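**Student:** Pasting target27.txt below, which is compact mmCIF, C-alpha atoms.
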```
# COMPACT_ATOMS: atom_id res chain seq x y z
CA ARG A 6 100.13 -87.85 -50.84
CA VAL A 7 101.45 -84.31 -51.07
CA THR A 8 102.65 -84.41 -47.46
CA LYS A 9 105.24 -87.10 -48.13
CA HIS A 10 106.88 -84.86 -50.73
CA VAL A 11 106.64 -81.62 -48.77
CA ASP A 12 107.48 -83.00 -45.31
CA PRO A 13 111.29 -83.34 -45.74
CA ILE A 14 111.49 -79.84 -47.26
CA ILE A 15 109.50 -78.31 -44.40
CA LYS A 16 111.58 -80.08 -41.75
CA GLU A 17 114.81 -78.86 -43.36
CA ARG A 18 113.50 -75.30 -43.58
CA LEU A 19 112.38 -75.35 -39.95
CA ARG A 20 115.75 -76.74 -38.90
CA CYS A 21 117.49 -73.86 -40.61
CA ALA A 22 114.99 -71.22 -39.51
CA GLY A 23 117.45 -69.78 -37.02
CA GLU A 24 120.10 -69.32 -39.68
CA ASP A 25 120.30 -66.69 -42.39
CA TRP A 26 118.06 -68.54 -44.82
CA SER A 27 115.55 -67.04 -47.19
CA LEU A 28 112.34 -68.79 -46.16
CA GLY A 29 109.03 -68.62 -47.95
CA VAL A 30 106.63 -66.00 -46.54
CA PRO A 31 103.99 -68.52 -45.32
CA LEU A 32 106.68 -70.45 -43.47
CA VAL A 33 108.15 -67.32 -41.88
CA GLU A 34 104.73 -66.40 -40.56
CA ALA A 35 104.13 -69.88 -39.18
CA VAL A 36 107.50 -70.60 -37.55
CA GLY A 37 106.53 -68.80 -34.36
CA GLN A 38 103.06 -70.34 -34.24
CA LYS A 39 103.26 -73.93 -33.07
CA GLN A 40 99.74 -74.80 -34.11
CA GLU A 41 100.42 -73.52 -37.65
CA SER A 42 103.89 -74.98 -38.18
CA SER A 43 102.91 -78.65 -38.45
CA THR A 44 103.64 -80.42 -41.72
CA ARG A 45 99.91 -80.76 -42.39
CA GLN A 46 99.15 -77.06 -41.93
CA LEU A 47 102.08 -75.92 -44.04
CA THR A 48 101.19 -78.45 -46.75
CA LEU A 49 97.68 -76.99 -46.83
CA ARG A 50 99.19 -73.54 -47.31
CA VAL A 51 101.26 -74.77 -50.25
CA LEU A 52 98.20 -76.41 -51.82
CA THR A 53 96.19 -73.20 -51.40
CA ILE A 54 98.86 -71.20 -53.23
CA ASN A 55 99.04 -73.84 -55.97
CA PHE A 56 95.26 -73.77 -56.40
CA ALA A 57 95.24 -70.00 -56.80
CA SER A 58 97.96 -70.08 -59.46
CA ILE A 59 96.38 -72.96 -61.39
CA HIS A 60 92.97 -71.27 -61.23
CA THR A 61 94.22 -68.00 -62.70
CA PHE A 62 96.06 -69.67 -65.58
CA THR A 63 93.13 -71.98 -66.37
CA GLN A 64 90.76 -69.02 -66.64
CA ALA A 65 93.24 -67.20 -68.87
CA LEU A 66 93.66 -70.29 -71.05
CA TYR A 67 89.89 -70.61 -71.44
CA ASN A 68 89.73 -66.97 -72.52
CA LEU A 69 92.54 -67.53 -75.01
CA ALA A 70 90.62 -70.45 -76.50
CA ALA A 71 87.37 -68.48 -76.61
CA TYR A 72 88.52 -65.13 -78.01
CA SER A 73 90.51 -65.12 -81.25
CA GLN A 74 92.60 -62.05 -80.41
CA TYR A 75 95.93 -63.76 -81.00
CA ALA A 76 97.60 -61.34 -83.40
CA PRO A 77 98.26 -58.31 -81.11
CA LEU A 78 99.39 -60.59 -78.27
CA ARG A 79 101.69 -62.63 -80.49
CA GLU A 80 103.15 -59.55 -82.15
CA GLU A 81 103.98 -58.06 -78.76
CA VAL A 82 105.51 -61.27 -77.41
CA ASP A 83 107.52 -61.90 -80.57
CA ALA A 84 108.97 -58.38 -80.65
CA LEU A 85 109.84 -58.32 -76.96
CA ILE A 86 111.36 -61.80 -76.81
CA ARG A 87 113.45 -61.12 -79.91
CA GLY A 88 114.69 -57.89 -78.38
CA ASN A 89 115.15 -58.91 -74.74
CA GLY A 90 114.98 -62.70 -74.63
CA TRP A 91 113.08 -64.49 -71.89
CA LYS A 92 113.88 -61.90 -69.27
CA LYS A 93 111.92 -59.90 -66.74
CA GLU A 94 112.73 -56.78 -68.73
CA ALA A 95 110.40 -57.98 -71.49
CA MET A 96 107.40 -55.94 -70.32
CA MET A 97 104.42 -57.61 -72.00
CA ARG A 98 101.76 -54.95 -71.47
CA LYS A 99 99.10 -56.57 -73.65
CA VAL A 100 99.70 -60.01 -72.15
CA ASP A 101 99.61 -58.40 -68.70
CA SER A 102 96.30 -56.74 -69.61
CA PHE A 103 94.87 -60.05 -70.81
CA LEU A 104 95.66 -61.68 -67.46
CA ALA A 105 94.45 -58.68 -65.45
CA GLU A 106 91.10 -58.80 -67.26
CA ALA A 107 90.82 -62.53 -66.51
CA GLN A 108 91.38 -61.76 -62.84
CA ARG A 109 88.86 -58.95 -62.90
CA LEU A 110 86.07 -61.16 -64.19
CA GLU A 111 87.14 -64.56 -62.89
CA GLY A 112 89.17 -64.06 -59.73
CA VAL A 113 89.56 -66.87 -57.21
CA LEU A 114 86.92 -65.44 -54.86
CA THR A 115 83.88 -63.17 -55.11
CA SER A 116 85.11 -61.27 -52.05
CA SER A 117 88.40 -59.92 -50.78
CA ALA A 118 90.03 -58.35 -47.73
CA GLN A 119 88.28 -60.72 -45.35
CA ARG A 120 88.72 -59.51 -41.78
CA LYS A 121 87.56 -60.27 -38.25
CA ALA A 122 86.78 -57.33 -35.96
CA VAL A 123 88.93 -57.50 -32.82
CA LYS A 124 87.22 -54.45 -31.33
CA ASP A 125 83.78 -52.83 -31.74
CA PRO A 126 84.44 -50.49 -34.69
CA THR A 127 82.01 -48.09 -36.29
CA LEU A 128 82.79 -47.66 -39.98
CA SER A 129 82.90 -44.31 -41.76
CA ASP A 130 79.34 -44.75 -43.06
CA GLY A 131 78.02 -45.44 -39.56
CA THR A 132 77.91 -49.23 -39.84
CA PHE A 133 78.63 -50.88 -36.49
CA ALA A 134 80.57 -54.17 -36.51
CA PRO A 135 80.54 -55.90 -33.10
CA LYS A 136 83.74 -57.59 -31.96
CA GLY A 137 84.08 -61.00 -33.59
CA THR A 138 82.18 -60.00 -36.73
CA HIS A 139 83.64 -61.21 -40.03
CA VAL A 140 83.60 -58.60 -42.80
CA CYS A 141 84.80 -58.56 -46.39
CA ILE A 142 84.72 -56.47 -49.57
CA PRO A 143 82.52 -57.76 -52.44
CA THR A 144 85.18 -57.93 -55.13
CA TYR A 145 82.66 -59.27 -57.64
CA VAL A 146 80.65 -56.05 -57.38
CA PHE A 147 83.62 -53.67 -57.45
CA HIS A 148 85.14 -55.39 -60.49
CA ARG A 149 81.87 -54.97 -62.41
CA ASN A 150 81.23 -51.34 -61.51
CA GLU A 151 79.74 -49.59 -64.56
CA ALA A 152 80.99 -46.25 -63.26
CA VAL A 153 84.57 -47.50 -63.59
CA TYR A 154 84.54 -50.06 -66.42
CA ASP A 155 82.86 -49.76 -69.82
CA ASN A 156 80.73 -52.84 -70.52
CA PRO A 157 81.96 -54.43 -67.27
CA GLY A 158 80.44 -57.83 -67.98
CA VAL A 159 82.32 -58.21 -71.27
CA PHE A 160 85.84 -59.66 -71.49
CA ASN A 161 88.07 -57.02 -73.10
CA SER A 162 91.60 -58.34 -73.59
CA PHE A 163 93.21 -54.92 -73.77
CA ARG A 164 91.08 -53.02 -71.28
CA PHE A 165 93.94 -52.42 -68.84
CA SER A 166 96.63 -51.70 -71.42
CA GLN A 167 94.32 -49.08 -72.94
CA LEU A 168 93.72 -47.54 -69.52
CA SER A 169 97.47 -47.52 -68.94
CA ASP A 170 98.13 -45.86 -72.31
CA ASP A 171 95.48 -43.23 -71.57
CA GLU A 172 97.38 -42.33 -68.40
CA GLY A 173 100.83 -42.26 -69.95
CA ALA A 174 101.85 -45.89 -69.35
CA SER A 175 100.72 -45.77 -65.72
CA ALA A 176 101.78 -48.80 -63.67
CA ARG A 177 98.59 -48.66 -61.60
CA HIS A 178 96.76 -50.63 -64.30
CA LEU A 179 99.22 -53.52 -64.41
CA MET A 180 98.12 -56.96 -63.26
CA VAL A 181 99.94 -56.46 -59.93
CA GLY A 182 98.45 -53.00 -59.41
CA VAL A 183 96.14 -52.45 -56.44
CA THR A 184 93.55 -49.69 -56.49
CA GLN A 185 90.18 -49.05 -54.87
CA ASP A 186 88.56 -50.44 -58.01
CA TYR A 187 90.81 -53.44 -58.68
CA PHE A 188 92.20 -55.67 -55.95
CA PRO A 189 92.38 -59.39 -56.81
CA PHE A 190 95.54 -59.59 -54.69
CA GLU A 191 93.88 -58.21 -51.54
CA PHE A 192 94.24 -54.65 -50.31
CA GLY A 193 96.28 -52.51 -47.89
CA LYS A 194 99.13 -53.90 -45.83
CA HIS A 195 97.92 -57.44 -46.43
CA THR A 196 98.29 -57.19 -50.21
CA CYS A 197 99.87 -60.39 -51.57
CA ALA A 198 103.64 -59.99 -51.45
CA GLY A 199 104.15 -62.76 -54.01
CA ARG A 200 102.02 -61.17 -56.73
CA PHE A 201 105.05 -59.92 -58.68
CA LEU A 202 106.52 -63.42 -58.98
CA ALA A 203 103.09 -64.86 -59.79
CA ALA A 204 102.51 -62.27 -62.53
CA ASN A 205 105.91 -62.93 -64.14
CA GLU A 206 105.31 -66.68 -64.11
CA LEU A 207 101.82 -66.37 -65.60
CA LYS A 208 102.98 -63.99 -68.32
CA THR A 209 105.88 -66.28 -69.21
CA MET A 210 103.62 -69.33 -69.49
CA LEU A 211 101.01 -67.50 -71.54
CA ALA A 212 103.68 -66.01 -73.81
CA TYR A 213 105.17 -69.45 -74.45
CA ILE A 214 101.76 -70.86 -75.40
CA LEU A 215 101.08 -67.90 -77.69
CA MET A 216 104.36 -68.44 -79.52
CA SER A 217 104.09 -72.22 -79.71
CA TYR A 218 100.43 -73.19 -80.13
CA ASP A 219 97.03 -72.37 -81.53
CA VAL A 220 94.38 -72.95 -78.86
CA ARG A 221 90.65 -73.64 -79.09
CA PHE A 222 87.92 -75.57 -77.34
CA GLU A 223 87.17 -79.09 -78.50
CA GLY A 224 84.23 -79.13 -80.90
CA GLY A 225 84.39 -75.37 -81.36
CA VAL A 226 82.20 -74.75 -78.33
CA SER A 227 82.00 -71.31 -76.71
CA ARG A 228 83.64 -70.47 -73.40
CA PRO A 229 82.05 -72.50 -70.59
CA SER A 230 80.40 -70.56 -67.80
CA ILE A 231 82.29 -70.20 -64.55
CA ILE A 232 80.97 -72.05 -61.51
CA HIS A 233 80.15 -70.22 -58.28
CA TRP A 234 80.27 -72.23 -55.07
CA ASP A 235 79.93 -70.26 -51.86
CA LEU A 236 82.53 -67.46 -52.27
CA ASN A 237 84.63 -69.51 -54.69
CA VAL A 238 84.91 -68.98 -58.44
CA ILE A 239 85.72 -72.22 -60.27
CA ALA A 240 86.67 -72.91 -63.87
CA ASP A 241 84.51 -75.60 -65.50
CA PRO A 242 86.52 -78.81 -64.94
CA THR A 243 84.75 -80.62 -67.81
CA ALA A 244 85.96 -78.24 -70.54
CA ARG A 245 88.50 -79.64 -73.00
CA VAL A 246 91.07 -77.37 -74.64
CA MET A 247 92.91 -78.44 -77.79
CA PHE A 248 96.45 -77.39 -78.72
CA ARG A 249 97.90 -77.36 -82.23
CA LYS A 250 101.63 -76.82 -82.70
CA ARG A 251 102.31 -73.75 -84.77
CA THR A 252 104.19 -74.40 -87.99
CA CYS A 253 105.70 -70.91 -88.16
CA SER A 254 106.57 -68.16 -85.67
```
For the file at hand, write its structure as structure tokens.

**Tutor:**
Amino acid sequence: RVTKHVDPIIKERLRCAGEDWSLGVPLVEAVGQKQESSTRQLTLRVLTINFASIHTFTQALYNLAAYSQYAPLREEVDALIRGNGWKKEAMMRKVDSFLAEAQRLEGVLTSSAQRKAVKDPTLSDGTFAPKGTHVCIPTYVFHRNEAVYDNPGVFNSFRFSQLSDDEGASARHLMVGVTQDYFPFEFGKHTCAGRFLAANELKTMLAYILMSYDVRFEGGVSRPSIIHWDLNVIADPTARVMFRKRTCS
């Protein structure tokens, strides 16, 4: 069903690939790979990106419904929007921190930086990985490292904004930051190039909900547990979130 909507767009982009067009990154990578440039393969790429974005926002929404820490977030959003409008310049550090914490605890996968050895490398600790071996970094473990994070299993809305303030408003603790302790967007030269757009979109959506609605789980239930399937982290699809229009801003 998705293919019929995406197919004409893909064909037009491919037709114009030789011209000075700004193509999406996945399409640019696939244009020179015949087996990857079919409508089906490119549609699957689009769906994968959509899943990742929906997943992140769903987890954040669940956290918003579960933890009644509205006031600081709303105060920040209200002040910044009044001063800058709905612009990129409205740096929502607390909202950014809220989303970064959601990604730390409930990222899309329990591992990151998945690679396949094309040679026979010996790692710095002496581990030998024969050619063809698939390796990855256990993100789940790194993001719960007690040596780095206080109470790592507890959701702390302002964990990253506090870390940033402690380091003089350091940008390394923003949602899009990539360090050896935090890498939901991959690591190294393969770090997600679209993370800046994704972060701005997520912050805008969350800010709008904060300004417009009160949010809670139906029946006043607590936050549902996340579901682990293979390497995937999945938000409980049976949870029901209720929205109430705010009567004042």

**Student:** Find the nearest atom pair between each residue of range 134-219 of chain A and range 234-245 of chain A for residues within 12 Å, count all atoms listed in the file, give distances in Å to one decimal, sort rows by chain and ascending number, and present the table as CSV.

**Tutor:**
```
residue,atom,partner,partner_atom,distance
A:Cys141,CA,A:Leu236,CA,10.9
A:Ile142,CA,A:Leu236,CA,11.5
A:Pro143,CA,A:Leu236,CA,9.7
A:Thr144,CA,A:Leu236,CA,10.3
A:Tyr145,CA,A:Leu236,CA,9.8
```

**Student:** Can you pull out every residue within 9 Å of range 79-88 of chain A, counting only C-alpha atoms, but drop anything in the same chain fewer than 3 positions away, and send it as a compact mmCIF listing (two decimals) with C-alpha atoms, in the frame of the given file?

**Tutor:**
```txt
# COMPACT_ATOMS: atom_id res chain seq x y z
CA TYR A 75 95.93 -63.76 -81.00
CA ALA A 76 97.60 -61.34 -83.40
CA TRP A 91 113.08 -64.49 -71.89
CA LYS A 92 113.88 -61.90 -69.27
CA GLU A 94 112.73 -56.78 -68.73
CA ALA A 95 110.40 -57.98 -71.49
CA MET A 96 107.40 -55.94 -70.32
CA MET A 97 104.42 -57.61 -72.00
CA ARG A 98 101.76 -54.95 -71.47
CA LYS A 99 99.10 -56.57 -73.65
CA VAL A 100 99.70 -60.01 -72.15
CA ALA A 212 103.68 -66.01 -73.81
CA TYR A 213 105.17 -69.45 -74.45
CA LEU A 215 101.08 -67.90 -77.69
CA MET A 216 104.36 -68.44 -79.52
CA SER A 254 106.57 -68.16 -85.67
```

**Student:** Any idea what the distance is between CA of Arg20 in chain A and CA of Thr48 in chain A?

**Tutor:**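 Going from CA of Arg20 in chain A over to CA of Thr48 in chain A, I get 16.6 Å.
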
**Student:** Go through A:His178, A:His10, A:Lys250, A:Lys194 and flag the residue nearest Ala118 in chain A, using only C-alpha atoms for the distances.

**Tutor:**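 Closest to Ala118 in chain A of all the choices is A:Lys194.
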
**Student:** Which is closer to Ile54 in chain A than all the others in A:Val113, A:His148, A:Leu78, A:Arg221, using only C-alpha atoms?

**Tutor:**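 Closest to Ile54 in chain A, using only C-alpha atoms: A:Val113.
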
**Student:** Would you mind reading off the distance between CA of Ala122 in chain A and CA of Phe190 in chain A, one decimal, in Å?

**Tutor:** 20.8 Å

**Student:** Quick one: everything within 6 Å of Ser166 in chain A, counting all atoms listed in the file, minus sequence neighbours fewer than 2 positions away in the same chain. Send it as a PyMOL selection string.

**Tutor:** chain A and resi 99+102+163-164+168-169

**Student:** Report, in Å to a single decimal, how far apart CA of Glu106 in chain A and CA of Tyr72 in chain A are.

**Tutor:** 12.7 Å

**Student:** Measuring between all atoms listed in the file, which one of A:Ser162, A:Ser117, A:Leu69, A:Thr53 shows the shortest distance to Phe222 in chain A?

**Tutor:**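 Between A:Ser162, A:Ser117, A:Leu69, A:Thr53, the residue approaching Phe222 in chain A most closely is A:Leu69.
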
**Student:** Identify, on the basis of all atoms listed in the file, every residue whose closest approach to Thr8 in chain A does not exceed 8 Å; exclude the query and any residue fewer than 4 positions from it along the same chain; express the result as a list in words.

**Tutor:**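 Surrounding residues, per the criterion: Asp12, Thr44, Arg45 and Thr48 of chain A.
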
**Student:** Counting all atoms listed in the file, which residue out of A:Gly199, A:Pro126, A:Gly173, A:Pro189 sits closest to Leu110 in chain A?

**Tutor:**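 Counting all atoms listed in the file, the residue closest to Leu110 in chain A is A:Pro189.
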
**Student:** Which of these, A:Gln119, A:Thr61, A:Val51, A:Ser129, has the shortest distance to Ile14 in chain A once you count all atoms listed in the file?

**Tutor:**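 Answer, going by the shortest atom-to-atom distance: A:Val51.
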